[in-house]
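Trainee: Contents are compact mmCIF, C-alpha atoms; file name query.txt:
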# COMPACT_ATOMS: atom_id res chain seq x y z
CA MET A 1 0.00 0.00 0.00
CA LEU A 2 1.18 3.53 -0.72
CA PHE A 3 0.09 4.78 2.70
CA GLU A 4 3.58 4.40 4.19
CA GLU A 5 5.17 6.14 1.21
CA MET A 6 2.78 9.10 1.40
CA TRP A 7 3.28 9.34 5.15
CA ARG A 8 7.08 9.42 4.77
CA ASP A 9 6.85 12.15 2.11
CA LEU A 10 4.62 14.39 4.21
CA ALA A 11 6.26 13.77 7.59
CA PRO A 12 9.20 16.25 7.30
CA VAL A 13 7.08 19.19 6.14
CA GLY A 14 6.74 21.79 8.86
CA ARG A 15 8.46 19.75 11.55
CA PHE A 16 10.20 21.90 14.18
CA ASP A 17 13.29 19.96 15.23
CA ALA A 18 13.65 21.68 18.61
CA THR A 19 10.35 20.23 19.85
CA GLY A 20 9.60 17.41 17.43
CA GLY A 21 6.22 19.02 16.79
CA TYR A 22 4.75 20.65 13.70
CA ARG A 23 4.18 24.26 12.72
CA ARG A 24 1.96 24.16 9.68
CA TYR A 25 0.14 27.49 9.70
CA SER A 26 -2.41 28.41 7.05
CA TYR A 27 -0.99 30.17 3.97
CA ALA A 28 2.55 30.06 5.42
CA ALA A 29 5.43 28.17 3.79
CA ALA A 30 4.96 24.74 5.42
CA GLU A 31 1.21 24.66 4.85
CA LEU A 32 1.64 25.76 1.24
CA GLU A 33 4.10 22.89 0.80
CA CYS A 34 1.46 20.53 2.22
CA ARG A 35 -1.04 21.91 -0.29
CA ALA A 36 1.42 21.24 -3.13
CA TRP A 37 1.81 17.70 -1.82
CA PHE A 38 -1.98 17.26 -1.89
CA GLU A 39 -2.21 18.46 -5.48
CA ALA A 40 0.65 16.17 -6.54
CA GLN A 41 -1.00 13.14 -4.94
CA ALA A 42 -4.29 13.92 -6.63
CA ARG A 43 -2.74 14.37 -10.06
CA GLU A 44 -0.74 11.16 -9.73
CA ARG A 45 -4.09 9.40 -9.39
CA GLY A 46 -5.67 11.23 -12.32
CA LEU A 47 -8.04 13.15 -10.05
CA THR A 48 -9.40 16.59 -10.89
CA VAL A 49 -7.96 19.15 -8.47
CA GLU A 50 -9.52 22.46 -7.54
CA THR A 51 -9.29 25.09 -4.81
CA ASP A 52 -12.62 26.57 -3.84
CA ARG A 53 -13.04 30.27 -3.27
CA ASN A 54 -12.50 29.84 0.49
CA GLY A 55 -9.09 28.22 0.08
CA ASN A 56 -10.18 24.61 0.65
CA LEU A 57 -8.65 21.89 -1.55
CA TRP A 58 -10.68 19.29 -3.45
CA ALA A 59 -9.70 16.26 -5.51
CA TRP A 60 -12.43 14.49 -7.48
CA TRP A 61 -12.83 10.95 -8.79
CA GLY A 62 -15.70 11.35 -11.21
CA ALA A 63 -17.59 14.48 -12.19
CA PRO A 64 -18.57 16.53 -9.11
CA ALA A 65 -21.20 18.37 -11.15
CA ALA A 66 -23.18 15.13 -11.16
CA GLY A 67 -23.96 15.81 -7.49
CA ASP A 68 -24.62 13.50 -4.54
CA ALA A 69 -20.87 13.05 -4.09
CA VAL A 70 -19.30 11.04 -1.30
CA VAL A 71 -16.54 13.18 0.22
CA THR A 72 -13.85 12.33 2.74
CA GLY A 73 -10.74 14.12 4.00
CA SER A 74 -9.63 16.38 6.85
CA HIS A 75 -7.05 19.19 7.15
CA LEU A 76 -3.29 19.76 6.79
CA ASP A 77 -2.62 22.67 9.18
CA SER A 78 -1.48 22.18 12.78
CA VAL A 79 -1.53 23.79 16.19
CA PRO A 80 1.82 25.20 17.37
CA ASP A 81 4.14 22.22 17.88
CA GLY A 82 1.28 19.84 17.24
CA GLY A 83 1.44 16.16 16.41
CA ALA A 84 1.83 14.59 12.99
CA PHE A 85 -1.52 12.81 12.85
CA ASP A 86 -4.20 15.38 13.67
CA GLY A 87 -5.59 16.20 10.24
CA PRO A 88 -3.02 14.71 7.84
CA LEU A 89 -3.98 11.16 8.83
CA GLY A 90 -7.45 11.75 7.37
CA VAL A 91 -6.08 13.15 4.11
CA VAL A 92 -3.43 10.45 3.60
CA SER A 93 -5.98 7.75 4.48
CA ALA A 94 -8.41 9.20 1.93
CA PHE A 95 -5.90 8.81 -0.90
CA ALA A 96 -4.93 5.35 0.41
CA ALA A 97 -8.60 4.33 0.46
CA LEU A 98 -8.98 5.36 -3.18
CA ASP A 99 -5.93 3.26 -4.02
CA LEU A 100 -7.56 0.25 -2.35
CA LEU A 101 -10.81 0.77 -4.23
CA ARG A 102 -9.07 1.04 -7.57
CA ALA A 103 -6.88 -1.98 -6.87
CA GLY A 104 -10.08 -3.94 -6.30
CA GLY A 105 -11.54 -2.78 -9.61
CA PHE A 106 -14.23 -0.63 -8.02
CA GLU A 107 -16.02 1.92 -10.22
CA PRO A 108 -18.06 4.44 -8.18
CA ARG A 109 -21.59 5.28 -9.25
CA ARG A 110 -21.40 8.49 -7.21
CA PRO A 111 -18.48 10.95 -7.45
CA ILE A 112 -15.91 10.59 -4.69
CA GLY A 113 -14.08 13.65 -3.37
CA VAL A 114 -11.07 14.16 -1.12
CA ALA A 115 -11.03 17.47 0.78
CA ALA A 116 -8.41 19.35 2.78
CA PHE A 117 -9.97 22.23 4.71
CA VAL A 118 -7.93 25.34 5.48
CA GLU A 119 -7.30 26.76 8.99
CA GLU A 120 -9.07 23.94 10.81
CA GLU A 121 -7.01 24.48 13.95
CA GLY A 122 -7.38 28.26 14.01
CA ALA A 123 -3.70 28.43 14.98
CA ARG A 124 -2.87 31.42 12.77
CA PHE A 125 -6.06 33.50 12.64
CA GLY A 126 -7.78 32.39 15.83
CA LEU A 127 -10.99 30.92 14.40
CA ALA A 128 -11.09 27.13 14.25
CA CYS A 129 -12.60 25.37 11.21
CA LEU A 130 -12.43 28.62 9.28
CA GLY A 131 -12.47 26.98 5.84
CA SER A 132 -15.57 24.92 6.53
CA ARG A 133 -17.24 27.81 8.39
CA LEU A 134 -16.77 30.03 5.35
CA LEU A 135 -18.02 27.30 3.02
CA THR A 136 -21.22 26.86 5.01
CA GLY A 137 -21.75 30.56 5.73
CA ALA A 138 -21.19 30.17 9.47
CA VAL A 139 -18.87 33.19 9.59
CA ASP A 140 -19.29 36.60 7.99
CA PRO A 141 -16.81 37.08 5.10
CA ALA A 142 -15.97 40.66 6.12
CA LYS A 143 -15.22 39.53 9.66
CA ALA A 144 -13.09 36.69 8.33
CA ARG A 145 -11.07 38.95 6.04
CA ALA A 146 -10.24 41.20 9.00
CA LEU A 147 -8.92 38.38 11.21
CA THR A 148 -5.25 38.88 12.07
CA ASP A 149 -2.35 36.70 13.13
CA GLU A 150 0.13 37.62 15.86
CA GLN A 151 2.19 39.69 13.40
CA GLY A 152 -0.86 41.73 12.41
CA THR A 153 -1.24 40.12 8.99
CA THR A 154 -4.90 39.88 8.01
CA LEU A 155 -6.46 36.81 6.49
CA ALA A 156 -7.13 38.90 3.39
CA ASP A 157 -3.43 39.79 3.04
CA ALA A 158 -2.31 36.21 3.69
CA MET A 159 -4.69 34.86 1.05
CA SER A 160 -3.59 37.49 -1.45
CA SER A 161 0.08 36.69 -0.85
CA ALA A 162 -0.64 33.02 -1.49
CA GLY A 163 -2.40 33.81 -4.76
CA PHE A 164 -6.04 33.64 -3.63
CA ASP A 165 -8.76 36.28 -3.88
CA PRO A 166 -10.12 37.13 -0.41
CA GLU A 167 -13.03 39.08 -1.91
CA ARG A 168 -14.58 35.80 -3.09
CA ILE A 169 -14.82 34.06 0.30
CA GLY A 170 -18.22 33.12 1.71
CA ARG A 171 -20.92 30.47 1.58
CA ASP A 172 -20.59 28.33 -1.55
CA GLN A 173 -24.00 26.83 -2.17
CA ARG A 174 -22.97 25.48 -5.58
CA LEU A 175 -20.25 23.36 -3.99
CA LEU A 176 -22.43 22.26 -1.06
CA ASP A 177 -25.11 21.11 -3.50
CA ARG A 178 -22.61 18.73 -5.04
CA ILE A 179 -21.98 16.85 -1.79
CA GLY A 180 -24.29 14.09 -0.64
CA VAL A 181 -22.33 12.95 2.41
CA TYR A 182 -19.05 13.70 4.21
CA VAL A 183 -17.07 11.13 6.23
CA GLU A 184 -13.97 12.32 8.08
CA LEU A 185 -11.31 9.96 9.41
CA HIS A 186 -9.29 11.29 12.35
CA ILE A 187 -6.90 10.07 14.99
CA GLU A 188 -8.67 9.62 18.32
CA GLN A 189 -7.92 12.52 20.64
CA GLY A 190 -8.01 10.55 23.85
CA ARG A 191 -7.50 6.96 24.95
CA ALA A 192 -10.96 5.35 24.94
CA GLN A 193 -10.08 3.06 22.04
CA ILE A 194 -6.91 1.74 23.64
CA ASP A 195 -8.92 0.91 26.75
CA LEU A 196 -11.58 -0.78 24.58
CA GLY A 197 -9.03 -2.62 22.45
CA ALA A 198 -10.61 -1.11 19.33
CA PRO A 199 -8.45 0.11 16.43
CA ILE A 200 -11.46 1.75 14.74
CA ALA A 201 -14.48 3.60 16.14
CA VAL A 202 -17.38 5.64 14.80
CA GLY A 203 -18.13 9.14 16.08
CA SER A 204 -21.50 9.90 17.66
CA ALA A 205 -21.29 13.59 18.60
CA ILE A 206 -19.06 16.57 19.30
CA TRP A 207 -19.29 18.34 22.63
CA PRO A 208 -20.24 22.03 22.59
CA HIS A 209 -17.09 24.12 22.87
CA GLY A 210 -15.73 27.62 22.44
CA ARG A 211 -12.90 30.08 22.95
CA TRP A 212 -13.10 33.13 25.18
CA ARG A 213 -10.59 35.98 25.48
CA PHE A 214 -10.05 37.47 28.95
CA ASP A 215 -8.45 40.92 29.08
CA PHE A 216 -7.07 42.07 32.44
CA GLU A 217 -6.02 45.72 32.76
CA GLY A 218 -3.98 47.20 35.58
CA GLU A 219 -1.20 49.71 36.07
CA ALA A 220 2.43 49.21 35.01
CA ASN A 221 4.99 50.04 37.67
CA HIS A 222 8.44 49.17 39.03
CA ALA A 223 8.76 45.72 40.56
CA GLY A 224 11.39 46.86 43.02
CA THR A 225 9.97 50.11 44.31
CA THR A 226 6.18 49.75 44.31
CA ARG A 227 4.71 48.62 47.63
CA ILE A 228 2.46 45.58 47.54
CA GLU A 229 -0.49 47.61 48.84
CA ASP A 230 0.00 50.20 46.09
CA ARG A 231 -0.02 47.79 43.19
CA VAL A 232 -2.77 47.37 40.59
CA ASP A 233 -1.54 44.06 39.21
CA PRO A 234 -3.61 42.34 36.51
CA MET A 235 -1.42 39.24 36.80
CA LEU A 236 -3.10 38.44 40.11
CA THR A 237 -6.56 38.62 38.57
CA TYR A 238 -5.38 36.48 35.67
CA ALA A 239 -3.85 33.87 37.99
CA ASN A 240 -7.05 33.61 40.00
CA THR A 241 -9.01 33.12 36.77
CA VAL A 242 -6.75 30.24 35.72
CA LEU A 243 -7.32 28.48 39.04
CA ALA A 244 -11.05 29.24 38.97
CA ALA A 245 -11.36 27.82 35.45
CA ARG A 246 -9.87 24.53 36.59
CA LYS A 247 -12.06 24.38 39.69
CA LYS A 248 -15.35 25.29 37.98
CA ALA A 249 -14.75 22.83 35.14
CA LYS A 250 -13.78 19.98 37.45
CA LEU A 251 -16.87 20.44 39.62
CA ALA A 252 -19.11 20.40 36.52
CA GLY A 253 -17.43 17.47 34.78
CA ALA A 254 -16.37 19.84 32.00
CA LEU A 255 -13.02 20.99 30.55
CA ALA A 256 -11.40 24.43 30.66
CA THR A 257 -7.87 25.24 29.54
CA VAL A 258 -5.75 28.37 29.49
CA GLY A 259 -3.18 27.61 26.82
CA LYS A 260 -2.29 31.03 25.45
CA VAL A 261 -1.36 34.22 27.30
CA HIS A 262 0.15 37.63 26.43
CA CYS A 263 1.60 40.04 28.98
CA GLU A 264 2.47 43.72 28.59
CA PRO A 265 5.09 45.11 28.90
CA ASN A 266 6.42 41.60 29.55
CA GLY A 267 9.41 42.75 31.60
CA THR A 268 10.97 40.76 34.42
CA ASN A 269 11.23 43.80 36.68
CA ALA A 270 7.91 45.41 35.73
CA ILE A 271 4.41 45.02 37.11
CA PRO A 272 2.22 44.30 34.06
CA SER A 273 -0.18 46.83 32.66
CA ARG A 274 -2.21 44.21 30.80
CA VAL A 275 -2.58 40.45 30.65
CA ARG A 276 -4.57 38.79 27.89
CA ALA A 277 -5.47 35.12 28.06
CA TRP A 278 -7.54 32.72 26.01
CA ILE A 279 -9.70 30.03 27.59
CA ASP A 280 -10.86 26.96 25.71
CA ALA A 281 -13.91 25.41 27.39
CA ARG A 282 -15.92 22.30 26.55
CA ALA A 283 -18.69 20.27 28.17
CA SER A 284 -21.06 17.42 27.41
CA THR A 285 -24.07 19.76 27.23
CA GLU A 286 -24.58 23.39 26.28
CA ASP A 287 -26.23 24.16 29.63
CA THR A 288 -23.21 22.83 31.51
CA LEU A 289 -20.82 24.86 29.39
CA ALA A 290 -22.87 28.04 29.83
CA SER A 291 -22.97 27.49 33.59
CA VAL A 292 -19.21 27.01 33.83
CA LEU A 293 -18.52 30.21 31.88
CA ALA A 294 -21.05 32.22 33.88
CA GLU A 295 -19.50 31.11 37.16
CA LEU A 296 -16.01 31.79 35.84
CA GLU A 297 -16.92 35.30 34.68
CA GLN A 298 -18.47 36.04 38.06
CA ALA A 299 -15.36 34.85 39.89
CA THR A 300 -13.14 36.89 37.58
CA HIS A 301 -15.06 40.13 38.07
CA GLU A 302 -15.20 39.65 41.84
CA ARG A 303 -11.45 39.17 41.97
CA ALA A 304 -10.88 42.18 39.67
CA ARG A 305 -12.82 44.39 42.08
CA ARG A 306 -10.60 43.25 44.95
CA ASP A 307 -7.43 43.80 42.91
CA GLY A 308 -8.54 47.19 41.56
CA THR A 309 -8.14 45.89 38.02
CA LYS A 310 -10.53 45.72 35.08
CA ALA A 311 -11.56 42.44 33.42
CA THR A 312 -13.31 42.10 30.07
CA VAL A 313 -14.54 38.82 28.59
CA THR A 314 -15.07 38.34 24.86
CA ARG A 315 -16.40 35.19 23.21
CA GLU A 316 -14.31 34.70 20.07
CA SER A 317 -15.84 31.46 18.78
CA TYR A 318 -18.49 28.96 19.76
CA SER A 319 -19.71 25.64 18.39
CA ALA A 320 -22.94 24.14 19.64
CA GLU A 321 -23.29 20.43 20.31
CA VAL A 322 -23.25 18.40 17.10
CA ALA A 323 -24.87 15.00 16.83
CA PHE A 324 -23.74 13.28 13.64
CA ASP A 325 -26.39 12.03 11.26
CA LEU A 326 -27.96 9.09 13.09
CA ALA A 327 -28.82 7.01 10.04
CA LEU A 328 -25.36 7.51 8.57
CA ARG A 329 -23.69 6.75 11.89
CA ASP A 330 -25.65 3.52 12.28
CA ASN A 331 -24.95 2.60 8.66
CA LEU A 332 -21.20 3.02 9.19
CA GLY A 333 -21.35 0.94 12.35
CA ALA A 334 -23.12 -1.85 10.47
CA ILE A 335 -20.73 -1.66 7.52
CA LEU A 336 -17.75 -1.99 9.86
CA GLY A 337 -19.21 -4.80 11.93
CA GLY A 338 -20.28 -3.11 15.13
CA VAL A 339 -17.25 -1.03 16.13
CA PRO A 340 -17.52 1.22 19.21
CA VAL A 341 -19.43 4.50 18.95
CA LEU A 342 -17.76 7.40 20.76
CA ALA A 343 -18.41 11.08 21.41
CA THR A 344 -15.53 13.54 21.29
CA GLY A 345 -14.65 16.83 22.92
CA ALA A 346 -12.65 17.97 19.90
CA GLY A 347 -14.07 20.13 17.12
CA HIS A 348 -13.84 19.06 13.48
CA ASP A 349 -14.84 20.25 10.03
CA ALA A 350 -17.34 17.37 10.01
CA GLY A 351 -19.11 19.11 12.87
CA VAL A 352 -19.37 22.38 10.96
CA LEU A 353 -20.54 20.69 7.76
CA ALA A 354 -23.22 18.82 9.73
CA SER A 355 -25.40 21.94 9.57
CA SER A 356 -25.59 21.62 5.77
CA LEU A 357 -25.32 17.89 4.94
CA PRO A 358 -25.08 14.41 6.50
CA THR A 359 -21.69 13.88 8.13
CA ALA A 360 -19.94 11.16 10.11
CA MET A 361 -16.52 10.41 11.60
CA LEU A 362 -14.20 7.44 11.95
CA PHE A 363 -11.52 7.38 14.66
CA VAL A 364 -8.18 5.53 14.58
CA ARG A 365 -6.72 4.33 17.87
CA ASN A 366 -4.16 6.54 19.62
CA PRO A 367 -2.15 4.44 22.12
CA THR A 368 -0.63 7.48 23.84
CA GLY A 369 -3.91 9.33 24.26
CA VAL A 370 -1.94 12.50 23.48
CA SER A 371 -3.12 15.06 20.94
CA HIS A 372 -2.05 18.58 19.91
CA ALA A 373 1.48 17.64 21.03
CA PRO A 374 4.45 15.71 19.60
CA GLY A 375 3.48 12.59 21.56
CA GLU A 376 0.39 12.11 19.38
CA PHE A 377 0.73 8.71 17.70
CA ALA A 378 -0.92 5.85 15.86
CA GLU A 379 0.60 2.49 15.00
CA ILE A 380 1.02 1.85 11.28
CA PRO A 381 -1.14 -1.33 11.43
CA ASP A 382 -3.95 0.77 12.94
CA CYS A 383 -3.47 3.45 10.27
CA LEU A 384 -3.74 0.78 7.59
CA ALA A 385 -6.85 -0.60 9.29
CA GLY A 386 -8.28 2.90 9.22
CA ALA A 387 -7.62 3.29 5.49
CA GLU A 388 -9.21 -0.10 4.86
CA ALA A 389 -12.25 0.82 6.98
CA LEU A 390 -12.59 4.09 5.06
CA ALA A 391 -12.33 2.23 1.75
CA THR A 392 -15.08 -0.14 2.89
CA VAL A 393 -17.30 2.79 3.83
CA LEU A 394 -16.66 4.65 0.57
CA ARG A 395 -17.35 1.48 -1.44
CA GLU A 396 -20.72 1.04 0.20
CA LEU A 397 -21.74 4.69 -0.02
CA ALA A 398 -20.51 5.33 -3.57
CA ALA A 399 -22.06 2.18 -5.00
Can you dump the structure from the file as structure tokens?

Mentor:
Amino acid sequence: MLFEEMWRDLAPVGRFDATGGYRRYSYAAAELECRAWFEAQARERGLTVETDRNGNLWAWWGAPAAGDAVVTGSHLDSVPDGGAFDGPLGVVSAFAALDLLRAGGFEPRRPIGVAAFVEEEGARFGLACLGSRLLTGAVDPAKARALTDEQGTTLADAMSSAGFDPERIGRDQRLLDRIGVYVELHIEQGRAQIDLGAPIAVGSAIWPHGRWRFDFEGEANHAGTTRIEDRVDPMLTYANTVLAARKKAKLAGALATVGKVHCEPNGTNAIPSRVRAWIDARASTEDTLASVLAELEQATHERARRDGTKATVTRESYSAEVAFDLALRDNLGAILGGVPVLATGAGHDAGVLASSLPTAMLFVRNPTGVSHAPGEFAEIPDCLAGAEALATVLRELAA
């Protein structure tokens, strides 16, 4: 099978040797190299390649204009120092599945597409699943064009520099009308499958989740001359919020993570004037998530009053709970012989597309349970089993 060969070709792209993780940011050099790899793989197989007006990649076996296409795929971008498998496994497995189908002499009656969605992680412009959100109209094009990375580059400028027209982004009904079903294969982001002894699983739902920005404002001053009682230190308010997020989430059976923080002026001997932090929060129900955030905001504002600081909370993105198409989910389970059905706390393009068409997910076992970090891993036999499972699913759906 060509899976191993494709995986070896893609593996060095965007790897950061100092950490062993990947830095594949949308429209930057490494991600553009991944896009070139995608196009080369598609052309080697005689597939028609196109980039939609939102920057997403498509490779077609058959004529997509015929409609009712069966599409699979994932994404090629990464979080900072992320693992090798999150996203690329689904794209490589899609091409490998097509190889298996062709080797078996299969001729699809429905078009089959392979997709690679842009900015799924939101690592550069801060909005996860941006490519699929634009495709489905879930984000305003003007707002999207104005998104900036940490260097102040807008999405519009990044797209223009990469040769794309940012004025064309937005809901693409013509493309959506071509798709009958979308099935995304992804590495499991957890360890349920290793505990179950199951190399393959089917997704049932995605927990509601979102990202909130907390801005803490105080007063810059000298660390060595300002008395403790005279300080207006936003770092204290921020620190209390981090601890409160952990406590509130744990009590509710939810998840809350502070993984990104900026401090100004960021001097060792200076009391900060501002601290900005981002909180990622997820829960099994929307009510639970709303309750956790409400309690956290209350705790933050109470602490800010005691510290003499100012706290502002801004919701930057939110995804409601997504239950994958029940009939499709059950069909995949039957096709694959009764594999486990699992919910996930991670967001995916399949979850965004679910608002516009039937979607489903397949998960490949992750023995480390680690994701969004270099320790993310899947055994090659499990990867091959995933490609074979995907081929089986595509054969049934496209016939």

Trainee: Do a neighbour search on segment 302-309 of chain A at 9 Å with only C-alpha atoms, toss out local chain neighbours closer than 6 positions, and write the hits as a PDB file with C-alpha atoms, in the coordinates of the input.

Mentor:
ATOM      1  CA  PHE A 216      -7.070  42.070  32.440  1.00  0.00           C
ATOM      2  CA  GLU A 217      -6.020  45.720  32.760  1.00  0.00           C
ATOM      3  CA  GLY A 218      -3.980  47.200  35.580  1.00  0.00           C
ATOM      4  CA  GLU A 219      -1.200  49.710  36.070  1.00  0.00           C
ATOM      5  CA  ARG A 231      -0.020  47.790  43.190  1.00  0.00           C
ATOM      6  CA  VAL A 232      -2.770  47.370  40.590  1.00  0.00           C
ATOM      7  CA  ASP A 233      -1.540  44.060  39.210  1.00  0.00           C
ATOM      8  CA  PRO A 234      -3.610  42.340  36.510  1.00  0.00           C
ATOM      9  CA  LEU A 236      -3.100  38.440  40.110  1.00  0.00           C
ATOM     10  CA  THR A 237      -6.560  38.620  38.570  1.00  0.00           C
ATOM     11  CA  TYR A 238      -5.380  36.480  35.670  1.00  0.00           C
ATOM     12  CA  ASN A 240      -7.050  33.610  40.000  1.00  0.00           C
ATOM     13  CA  THR A 241      -9.010  33.120  36.770  1.00  0.00           C
TER      14      THR A 241
END

Trainee: Residues proximal to (-18.6, 19.4, 30.4) were defined as those with any atom within 8 Å of that point in the file's coordinates, counting only C-alpha atoms. Which are they, as a ChimeraX atom specification?

Mentor: /A:207,249,252-255,282-285,288-289

Trainee: Counting only C-alpha atoms, which residue out of A:Leu76, A:Leu357, A:Ala18, A:Ile112 sits closest to Ala63 of chain A?

Mentor: A:Ile112

Trainee: At a cut-off of 12 Å, using all atoms listed in the file, what residues contact Glu5 of chain A? Leave out same-chain residues fewer than 6 positions from it and give the result as a PDB file with C-alpha atoms, in the coordinates of the input.

Mentor:
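File out00.pdb, as written:
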ATOM      1  CA  ALA A  11       6.260  13.770   7.590  1.00  0.00           C
ATOM      2  CA  GLN A  41      -1.000  13.140  -4.940  1.00  0.00           C
ATOM      3  CA  VAL A  92      -3.430  10.450   3.600  1.00  0.00           C
ATOM      4  CA  SER A  93      -5.980   7.750   4.480  1.00  0.00           C
ATOM      5  CA  PHE A  95      -5.900   8.810  -0.900  1.00  0.00           C
ATOM      6  CA  ALA A  96      -4.930   5.350   0.410  1.00  0.00           C
ATOM      7  CA  ILE A 380       1.020   1.850  11.280  1.00  0.00           C
TER       8      ILE A 380
END

Trainee: List the spatial neighbours of Gly338 of chain A as a ChimeraX atom specification - criterion: any atom at most 12 Å away, only C-alpha atoms, same-chain residues fewer than 5 positions off excluded.

Mentor: /A:198,200-202,329-333

Trainee: Show me, as a PyMOL selection string, the residues that have an atom within 6 Å of segment 44-48 of chain A when counting all atoms listed in the file, minus same-chain residues fewer than 5 positions from it.

Mentor: chain A and resi 59-61

Trainee: From the set A:Met6, A:Ala115, A:Val370, A:Leu243, which residue has the shortest atom-to-atom contact distance to Gly190 of chain A, counting all atoms listed in the file?

Mentor: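 Using all atoms listed in the file, Gly190 of chain A sits closest to A:Val370.
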
Trainee: Just give me the gap between atom CA of Gly152 of chain A and atom CA of Tyr27 of chain A in Å, one decimal is fine.

Mentor: 14.3 Å
